[in-house]
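A.B. asks: Input file: upload.txt. Contents: compact mmCIF, C-alpha atoms.
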# COMPACT_ATOMS: atom_id res chain seq x y z
CA MET S 1 113.61 114.47 -54.78
CA ARG S 2 113.09 117.46 -52.49
CA ASP S 3 110.58 119.00 -54.91
CA ARG S 4 108.52 115.84 -54.71
CA ASP S 5 108.54 116.08 -50.92
CA ARG S 6 107.05 119.57 -50.88
CA PRO S 7 103.35 118.64 -51.21
CA TRP S 8 103.57 116.60 -48.01
CA ASP S 9 105.64 119.36 -46.31
CA VAL S 10 103.08 122.03 -47.18
CA ALA S 11 100.20 119.83 -46.03
CA ASP S 12 101.95 119.08 -42.74
CA THR S 13 102.58 122.80 -42.14
CA ARG S 14 98.95 123.72 -42.82
CA LEU S 15 97.63 120.96 -40.55
CA ALA S 16 100.01 121.96 -37.76
CA SER S 17 99.02 125.64 -38.02
CA ARG S 18 95.33 124.75 -38.04
CA GLY S 19 95.78 122.48 -35.00
CA ARG S 20 97.59 125.19 -33.04
CA GLY S 21 94.81 127.67 -33.85
CA VAL S 22 92.11 125.29 -32.60
CA ILE S 23 94.00 124.64 -29.35
CA LEU S 24 94.49 128.37 -28.69
CA ARG S 25 90.81 129.17 -29.36
CA ARG S 26 89.65 126.42 -27.01
CA LEU S 27 92.04 127.64 -24.32
CA VAL S 28 90.86 131.25 -24.57
CA ARG S 29 87.19 130.21 -24.41
CA SER S 30 87.68 127.99 -21.36
CA PRO S 31 87.53 129.78 -17.97
CA GLY S 32 89.10 126.78 -16.27
CA GLY S 33 91.87 126.66 -18.84
CA MET S 34 92.65 130.36 -18.45
CA LEU S 35 92.62 130.04 -14.64
CA GLY S 36 94.99 127.08 -14.81
CA LEU S 37 97.26 128.97 -17.21
CA ALA S 38 97.29 131.99 -14.88
CA LEU S 39 98.23 129.82 -11.89
CA VAL S 40 101.01 128.09 -13.82
CA VAL S 41 102.40 131.43 -15.01
CA LEU S 42 102.21 132.78 -11.44
CA VAL S 43 104.17 129.85 -10.01
CA ILE S 44 106.79 130.14 -12.78
CA LEU S 45 107.19 133.88 -12.15
CA VAL S 46 107.53 133.25 -8.39
CA ALA S 47 110.24 130.67 -9.10
CA ILE S 48 112.12 132.98 -11.47
CA PHE S 49 112.04 136.00 -9.14
CA ALA S 50 112.37 134.05 -5.88
CA PRO S 51 115.37 136.04 -4.56
CA ALA S 52 113.51 139.33 -5.05
CA LEU S 53 110.19 138.09 -3.63
CA SER S 54 111.60 136.19 -0.66
CA PRO S 55 111.51 138.33 2.53
CA HIS S 56 114.30 136.33 4.24
CA ASP S 57 117.15 133.96 3.51
CA PRO S 58 115.45 130.54 3.39
CA ALA S 59 118.43 128.89 5.11
CA GLN S 60 118.90 131.48 7.85
CA GLN S 61 118.25 130.01 11.31
CA ASN S 62 117.08 131.96 14.33
CA ILE S 63 116.24 129.77 17.32
CA ILE S 64 114.80 132.76 19.21
CA HIS S 65 111.99 133.00 16.62
CA ARG S 66 111.42 129.25 16.21
CA LEU S 67 107.84 128.02 15.63
CA LYS S 68 106.39 131.51 15.26
CA PRO S 69 102.73 131.35 14.09
CA PRO S 70 101.47 133.02 10.88
CA PHE S 71 100.50 136.68 10.99
CA TRP S 72 96.75 136.13 11.47
CA MET S 73 97.24 134.17 14.69
CA GLU S 74 98.06 135.48 18.11
CA GLY S 75 101.80 136.00 18.43
CA GLY S 76 102.33 136.20 14.68
CA SER S 77 103.62 139.14 12.64
CA LEU S 78 104.07 140.22 9.04
CA GLU S 79 107.83 139.77 9.46
CA HIS S 80 107.16 136.04 9.11
CA ALA S 81 103.85 136.00 7.25
CA LEU S 82 103.50 132.19 7.25
CA GLY S 83 105.38 131.63 10.48
CA THR S 84 108.69 129.88 11.11
CA ASP S 85 109.80 126.28 11.44
CA SER S 86 111.55 124.44 14.27
CA LEU S 87 114.88 126.14 13.43
CA GLY S 88 113.43 129.62 13.12
CA ARG S 89 113.58 129.67 9.30
CA ASP S 90 110.94 131.72 7.49
CA ILE S 91 108.39 129.34 5.97
CA LEU S 92 107.22 131.76 3.25
CA SER S 93 110.79 132.20 2.03
CA ARG S 94 111.35 128.46 2.01
CA VAL S 95 108.14 127.86 0.05
CA ILE S 96 109.10 130.52 -2.51
CA HIS S 97 112.61 129.14 -2.98
CA GLY S 98 111.30 125.58 -2.93
CA SER S 99 109.25 126.38 -6.03
CA ARG S 100 112.48 126.86 -7.99
CA ILE S 101 113.64 123.31 -7.31
CA SER S 102 110.21 121.83 -7.95
CA ILE S 103 109.70 123.66 -11.25
CA PHE S 104 113.24 122.97 -12.46
CA VAL S 105 113.09 119.29 -11.58
CA GLY S 106 109.62 118.94 -13.11
CA LEU S 107 110.60 120.55 -16.42
CA ALA S 108 114.09 119.03 -16.68
CA ALA S 109 113.00 115.50 -15.77
CA THR S 110 110.02 115.65 -18.14
CA ALA S 111 112.18 116.92 -21.01
CA ALA S 112 114.81 114.23 -20.46
CA SER S 113 112.18 111.52 -20.06
CA ALA S 114 110.45 112.67 -23.26
CA LEU S 115 113.74 112.71 -25.17
CA LEU S 116 114.52 109.14 -24.14
CA GLY S 117 111.01 107.70 -24.36
CA VAL S 118 110.02 109.40 -27.61
CA GLY S 119 113.32 108.51 -29.27
CA LEU S 120 113.03 104.84 -28.34
CA GLY S 121 109.33 104.82 -29.28
CA LEU S 122 110.06 106.22 -32.75
CA ILE S 123 112.86 103.72 -33.33
CA ALA S 124 110.94 100.70 -32.04
CA GLY S 125 107.70 101.56 -33.83
CA PHE S 126 109.29 102.39 -37.17
CA LEU S 127 111.90 99.61 -37.38
CA GLY S 128 109.91 96.86 -35.64
CA GLY S 129 111.33 93.35 -35.50
CA ALA S 130 114.06 92.49 -33.01
CA THR S 131 114.70 96.15 -32.18
CA ASP S 132 111.09 96.63 -31.15
CA SER S 133 111.09 93.41 -29.12
CA VAL S 134 114.24 94.29 -27.14
CA ILE S 135 113.12 97.81 -26.26
CA SER S 136 109.57 96.69 -25.45
CA ARG S 137 110.80 93.95 -23.11
CA ALA S 138 112.99 96.47 -21.31
CA GLY S 139 109.92 98.64 -20.86
CA ASP S 140 107.93 95.67 -19.55
CA VAL S 141 110.59 94.98 -16.92
CA GLN S 142 110.60 98.61 -15.82
CA GLN S 143 106.81 98.73 -15.56
CA ALA S 144 106.70 95.47 -13.58
CA ILE S 145 108.46 97.18 -10.67
CA PRO S 146 106.34 99.66 -8.63
CA PHE S 147 107.46 103.24 -9.20
CA LEU S 148 108.26 104.11 -5.60
CA VAL S 149 110.21 100.90 -5.02
CA LEU S 150 112.28 101.41 -8.17
CA ALA S 151 112.81 105.12 -7.39
CA ILE S 152 113.97 104.39 -3.85
CA ALA S 153 116.35 101.66 -5.05
CA VAL S 154 117.91 103.85 -7.76
CA ALA S 155 118.09 106.89 -5.47
CA ALA S 156 119.76 104.80 -2.75
CA MET S 157 122.40 103.60 -5.23
CA LEU S 158 123.09 106.99 -6.80
CA GLY S 159 122.85 109.01 -3.58
CA PRO S 160 121.21 112.41 -2.99
CA GLY S 161 121.75 115.22 -5.45
CA LEU S 162 119.84 117.27 -8.02
CA VAL S 163 121.29 115.51 -11.08
CA ASN S 164 120.80 112.08 -9.52
CA LEU S 165 117.20 112.97 -8.65
CA ILE S 166 116.48 113.87 -12.28
CA LEU S 167 118.10 110.61 -13.44
CA VAL S 168 115.90 108.66 -11.04
CA LEU S 169 112.77 110.32 -12.39
CA VAL S 170 113.82 109.74 -16.01
CA ILE S 171 114.59 106.05 -15.42
CA THR S 172 111.18 105.51 -13.80
CA THR S 173 109.00 107.47 -16.29
CA TRP S 174 110.42 107.09 -19.83
CA VAL S 175 108.12 104.15 -20.56
CA THR S 176 105.08 106.47 -20.40
CA PHE S 177 106.26 108.26 -23.53
CA PHE S 178 107.60 105.11 -25.15
CA ARG S 179 104.34 103.14 -25.04
CA VAL S 180 102.18 105.90 -26.50
CA VAL S 181 104.63 106.95 -29.20
CA ARG S 182 105.37 103.38 -30.27
CA GLY S 183 101.66 102.59 -30.62
CA GLU S 184 101.00 105.69 -32.73
CA VAL S 185 104.06 105.12 -34.92
CA LEU S 186 102.88 101.60 -35.74
CA SER S 187 99.71 103.18 -37.15
CA VAL S 188 101.23 106.26 -38.78
CA ARG S 189 103.96 104.36 -40.64
CA GLU S 190 101.28 102.69 -42.79
CA GLU S 191 99.83 106.02 -43.97
CA GLN S 192 100.05 106.95 -47.65
CA TYR S 193 102.30 109.96 -47.16
CA VAL S 194 104.86 107.78 -45.34
CA LEU S 195 104.71 105.12 -48.01
CA GLY S 196 105.02 107.84 -50.64
CA ALA S 197 108.13 109.25 -48.98
CA GLN S 198 109.65 105.76 -48.86
CA SER S 199 108.88 105.18 -52.54
CA ILE S 200 110.85 108.27 -53.60
CA GLY S 201 113.89 107.19 -51.58
CA ALA S 202 113.63 109.39 -48.46
CA SER S 203 115.89 108.21 -45.64
CA ASN S 204 114.47 106.65 -42.50
CA LEU S 205 115.68 109.59 -40.40
CA ARG S 206 113.95 112.10 -42.69
CA ILE S 207 110.72 110.10 -42.67
CA ILE S 208 110.74 109.85 -38.88
CA LEU S 209 111.52 113.51 -38.24
CA ARG S 210 109.54 115.04 -41.12
CA TYR S 211 106.43 112.89 -41.41
CA ILE S 212 105.99 110.69 -38.34
CA LEU S 213 107.11 112.87 -35.42
CA PRO S 214 104.80 115.84 -36.27
CA ASN S 215 101.83 113.47 -36.34
CA VAL S 216 102.51 112.10 -32.86
CA ALA S 217 103.50 115.47 -31.38
CA ALA S 218 100.03 116.17 -29.99
CA SER S 219 100.15 113.08 -27.77
CA ILE S 220 103.68 113.94 -26.64
CA ILE S 221 102.58 117.43 -25.59
CA VAL S 222 99.61 116.10 -23.64
CA ILE S 223 101.71 113.50 -21.81
CA ALA S 224 104.43 116.03 -21.05
CA SER S 225 101.98 118.59 -19.65
CA LEU S 226 100.51 115.99 -17.31
CA LEU S 227 103.87 114.49 -16.37
CA VAL S 228 105.35 117.81 -15.22
CA ALA S 229 102.87 117.90 -12.33
CA ASN S 230 103.57 114.24 -11.54
CA MET S 231 107.32 114.90 -11.58
CA ILE S 232 106.87 117.66 -8.99
CA ILE S 233 104.92 115.25 -6.77
CA PHE S 234 107.53 112.51 -7.31
CA GLU S 235 110.33 114.93 -6.36
CA ALA S 236 108.43 115.99 -3.25
CA SER S 237 107.87 112.33 -2.31
CA LEU S 238 111.55 111.44 -2.64
CA SER S 239 112.62 114.59 -0.79
CA PHE S 240 110.13 113.74 1.96
CA LEU S 241 111.84 110.36 2.31
CA GLY S 242 115.27 111.98 2.34
CA LEU S 243 116.25 110.64 -1.10
CA GLY S 244 115.94 113.87 -3.07
CA VAL S 245 118.21 116.88 -3.05
CA PRO S 246 120.49 117.59 -0.04
CA SER S 247 118.72 118.76 3.11
CA SER S 248 120.40 122.18 2.89
CA ILE S 249 118.31 123.00 -0.22
CA PRO S 250 114.68 123.98 0.51
CA THR S 251 112.12 121.89 -1.38
CA TRP S 252 108.40 121.42 -0.87
CA GLY S 253 108.83 117.78 0.08
CA ARG S 254 111.54 118.61 2.60
CA ILE S 255 109.36 121.35 4.15
CA VAL S 256 106.55 118.84 4.69
CA ALA S 257 108.99 116.30 6.13
CA ASP S 258 110.44 118.84 8.57
CA GLY S 259 107.00 119.86 9.80
CA ARG S 260 105.38 116.47 10.27
CA GLU S 261 106.61 116.19 13.88
CA TYR S 262 104.83 119.42 14.82
CA ILE S 263 101.54 118.96 12.96
CA ALA S 264 99.53 118.39 16.16
CA ASP S 265 100.71 121.53 17.96
CA GLU S 266 102.25 123.94 15.43
CA TRP S 267 100.41 123.00 12.24
CA TRP S 268 101.98 125.74 10.12
For the file at hand, write its structure as structure tokens.
C.D. replies:
Amino acid sequence: MRDRDRPWDVADTRLASRGRGVILRRLVRSPGGMLGLALVVLVILVAIFAPALSPHDPAQQNIIHRLKPPFWMEGGSLEHALGTDSLGRDILSRVIHGSRISIFVGLAATAASALLGVGLGLIAGFLGGATDSVISRAGDVQQAIPFLVLAIAVAAMLGPGLVNLILVLVITTWVTFFRVVRGEVLSVREEQYVLGAQSIGASNLRIILRYILPNVAASIIVIASLLVANMIIFEASLSFLGLGVPSSIPTWGRIVADGREYIADEWW
């Protein structure tokens, strides 16, 4: 049985390798793509080496130096290159350390959302029937509620915390993966190579993982790459509202929330 599967396996491998080559060539030839890649790599490196790059402890308070301006303004200095906040904390250090939370939450929430949404999409699309109806109706209910309203309600019930924040983001975004994957599976499952695998007795799990999943992987990658940025914005929004991570942890949303009272006079 496995020997009969090999022609499809070899074809899938060749198509996947060819697709990766095309994507890499397009990325290298695109100035915008290379610039975006460089910026993403830069932010990731800053997040990884935040303790070494940060000039100060992001949580250290010094009321004497509160609301210091950035170095290019009168009264500023390179000691606090981007100035300080209302508690005398170094803004540059807080931005650098805040990138760690934003990147981690963005990647972790996207991965968990993809795992849930893709898994349910594969099951619903391949099995169909009552299973598809139940999962699809659950997705309809979730989409009927505005994201921010649902996120605030779930966050209020679970309370602040990094794990709870990721759970909130997963609960409110899994349908994005589910809808796309389910639609593609409904089409792919009628292809000849899937029918051929079924005719030789391949199990449903093998068909899903070996023949269907690789053919919907491109859409999953695209959605995930876009959703990471959205997750970072969602995390910042919830942190701005006080429903994200605890206030003692610096995040980009919390930094904006802390500074909104001083925007008219001390804009930094």
A.B. asks: Select, from S:Ile96, S:Leu115, S:Leu186, S:Leu162, the residue with the minimum atom-to-atom distance to Phe49 of chain S, counting only C-alpha atoms.
C.D. replies: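 Of the candidates, the smallest distance to Phe49 of chain S is held by S:Ile96.
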A.B. asks: Please provide as a list in words all residues within 9 Å of Pro51 of chain S, with the sequence filter that same-chain residues fewer than 3 positions apart are discarded (counting all atoms listed in the file).
C.D. replies: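 Once the nearby chain positions are removed, what remains is Ala47, Ile48, Ser54, Pro55, His56, Asp57, Ser93, Ile96 and His97 of chain S.
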A.B. asks: Next, dump the selected residues to file, keeping only C-alpha atoms, as a PDB file, keeping the file's coordinate frame.
C.D. replies:
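That gives us selection.pdb:
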ATOM      1  CA  ALA S  47     110.240 130.670  -9.100  1.00  0.00           C
ATOM      2  CA  ILE S  48     112.120 132.980 -11.470  1.00  0.00           C
ATOM      3  CA  SER S  54     111.600 136.190  -0.660  1.00  0.00           C
ATOM      4  CA  PRO S  55     111.510 138.330   2.530  1.00  0.00           C
ATOM      5  CA  HIS S  56     114.300 136.330   4.240  1.00  0.00           C
ATOM      6  CA  ASP S  57     117.150 133.960   3.510  1.00  0.00           C
ATOM      7  CA  SER S  93     110.790 132.200   2.030  1.00  0.00           C
ATOM      8  CA  ILE S  96     109.100 130.520  -2.510  1.00  0.00           C
ATOM      9  CA  HIS S  97     112.610 129.140  -2.980  1.00  0.00           C
TER      10      HIS S  97
END
A.B. asks: Rounded to one decimal, what separation in Å do you get between atom CA of Val228 of chain S and atom CA of Met34 of chain S?
C.D. replies: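 Taking atom CA of Val228 of chain S and atom CA of Met34 of chain S, their separation equals 18.1 Å.
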A.B. asks: Near Gly117 of chain S, counting only C-alpha atoms, which residues have an atom at most 6 Å away, once you skip same-chain residues fewer than 3 positions from it, shown as a list in words?
C.D. replies: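 Contacts, in chain order: Ser113, Ala114, Leu120, Gly121, Trp174, Val175, Phe177 and Phe178 of chain S.
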A.B. asks: Could you give me, as a tab-separated table (two decimals) with C-alpha atoms, in the frame of the given file, the residues within 12 Å of Met73 of chain S, counting all atoms listed in the file and dropping anything in the same chain fewer than 4 positions from it?
C.D. replies:
chain	number	residue	atom	x	y	z
S	68	LYS	CA	106.39	131.51	15.26
S	69	PRO	CA	102.73	131.35	14.09
S	77	SER	CA	103.62	139.14	12.64
S	78	LEU	CA	104.07	140.22	9.04
S	80	HIS	CA	107.16	136.04	9.11
S	81	ALA	CA	103.85	136.00	7.25
S	82	LEU	CA	103.50	132.19	7.25
S	83	GLY	CA	105.38	131.63	10.48
S	266	GLU	CA	102.25	123.94	15.43
S	267	TRP	CA	100.41	123.00	12.24
S	268	TRP	CA	101.98	125.74	10.12
A.B. asks: In Å, rounded to a single decimal, give me how far atom CA of Gly125 of chain S is from atom CA of Arg182 of chain S.
C.D. replies: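 We find that atom CA of Arg182 of chain S and atom CA of Gly125 of chain S lie 4.6 Å from each other.
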A.B. asks: Which of these residues is nearest to Val118 of chain S, using all atoms listed in the file: S:Val180, S:Val41, S:Ile63, S:Leu35?
C.D. replies: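 Ranking S:Val180, S:Val41, S:Ile63, S:Leu35 by distance to Val118 of chain S, first place goes to S:Val180.
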A.B. asks: Would you work out the distance separating atom CA of Arg137 of chain S from atom CA of Thr172 of chain S, expressed in Å to one decimal?
C.D. replies: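 Answer for the atom CA of Arg137 of chain S to atom CA of Thr172 of chain S separation: 14.8 Å.
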A.B. asks: How would you write as a list in words the residues that get within 8 Å of (116.7, 107.8, 2.0) in the file's frame, counting all atoms listed in the file?
C.D. replies: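 Those residues, ordered by chain and then number, are Ile152, Ala155, Ala156, Leu238, Leu241, Gly242, Leu243 and Gly244 of chain S.
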A.B. asks: Counting all atoms listed in the file, what is within 7 Å of Val216 of chain S, bar same-chain residues fewer than 4 positions away, as a VMD selection string?
C.D. replies: chain S and resid 181 184 212 220
A.B. asks: Please determine, counting only C-alpha atoms, which residue among S:Leu37, S:Leu67, S:Leu122, S:Leu53 has the shortest atom-to-atom distance to Asp265 of chain S.
C.D. replies: S:Leu67
A.B. asks: Can you pull out every residue within 9 Å of Arg66 of chain S, counting only C-alpha atoms, but drop anything in the same chain fewer than 2 positions away, and send it as number ranges by chain?
C.D. replies: S: 61-64, 68, 83-89
A.B. asks: So which one's closest to Ala229 of chain S, S:Arg94, S:Leu42, S:Ile103, S:Ala52? Using all atoms listed in the file, please.
C.D. replies: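 The shortest atom-to-atom distance to Ala229 of chain S comes from S:Ile103.
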A.B. asks: So that all listed atoms of segment 107-120 of chain S fit with 6 Å spare on each side, what axis-aligned box centre and edge lengths in Å, to one decimal, would you give as JSON?
C.D. replies:
{"center_x": 112.4, "center_y": 112.7, "center_z": -22.5, "size_x": 16.8, "size_y": 27.7, "size_z": 25.5}
A.B. asks: Counting only C-alpha atoms, I want the residues whose atoms come within 7 Å of (123.0, 113.0, -1.3) in the file frame, returned as a PDB file with C-alpha atoms, in the frame of the given file.
C.D. replies:
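Writing the result to out.pdb gives the following:
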ATOM      1  CA  GLY S 159     122.850 109.010  -3.580  1.00  0.00           C
ATOM      2  CA  PRO S 160     121.210 112.410  -2.990  1.00  0.00           C
ATOM      3  CA  GLY S 161     121.750 115.220  -5.450  1.00  0.00           C
ATOM      4  CA  VAL S 245     118.210 116.880  -3.050  1.00  0.00           C
ATOM      5  CA  PRO S 246     120.490 117.590  -0.040  1.00  0.00           C
TER       6      PRO S 246
END
A.B. asks: Which residue, S:Gly106, S:Gly139, S:Gly76, S:Gly259, has the smallest gap to Ile233 of chain S when you use all atoms listed in the file?
C.D. replies: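 That would be S:Gly106, the residue with the smallest distance to Ile233 of chain S.
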A.B. asks: Could you tell me which of S:Leu92, S:Ala109, S:Gln143, S:Asn215 comes closest to Leu165 of chain S if we count only C-alpha atoms?
C.D. replies: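 Under the stated criterion, the closest residue is S:Ala109.
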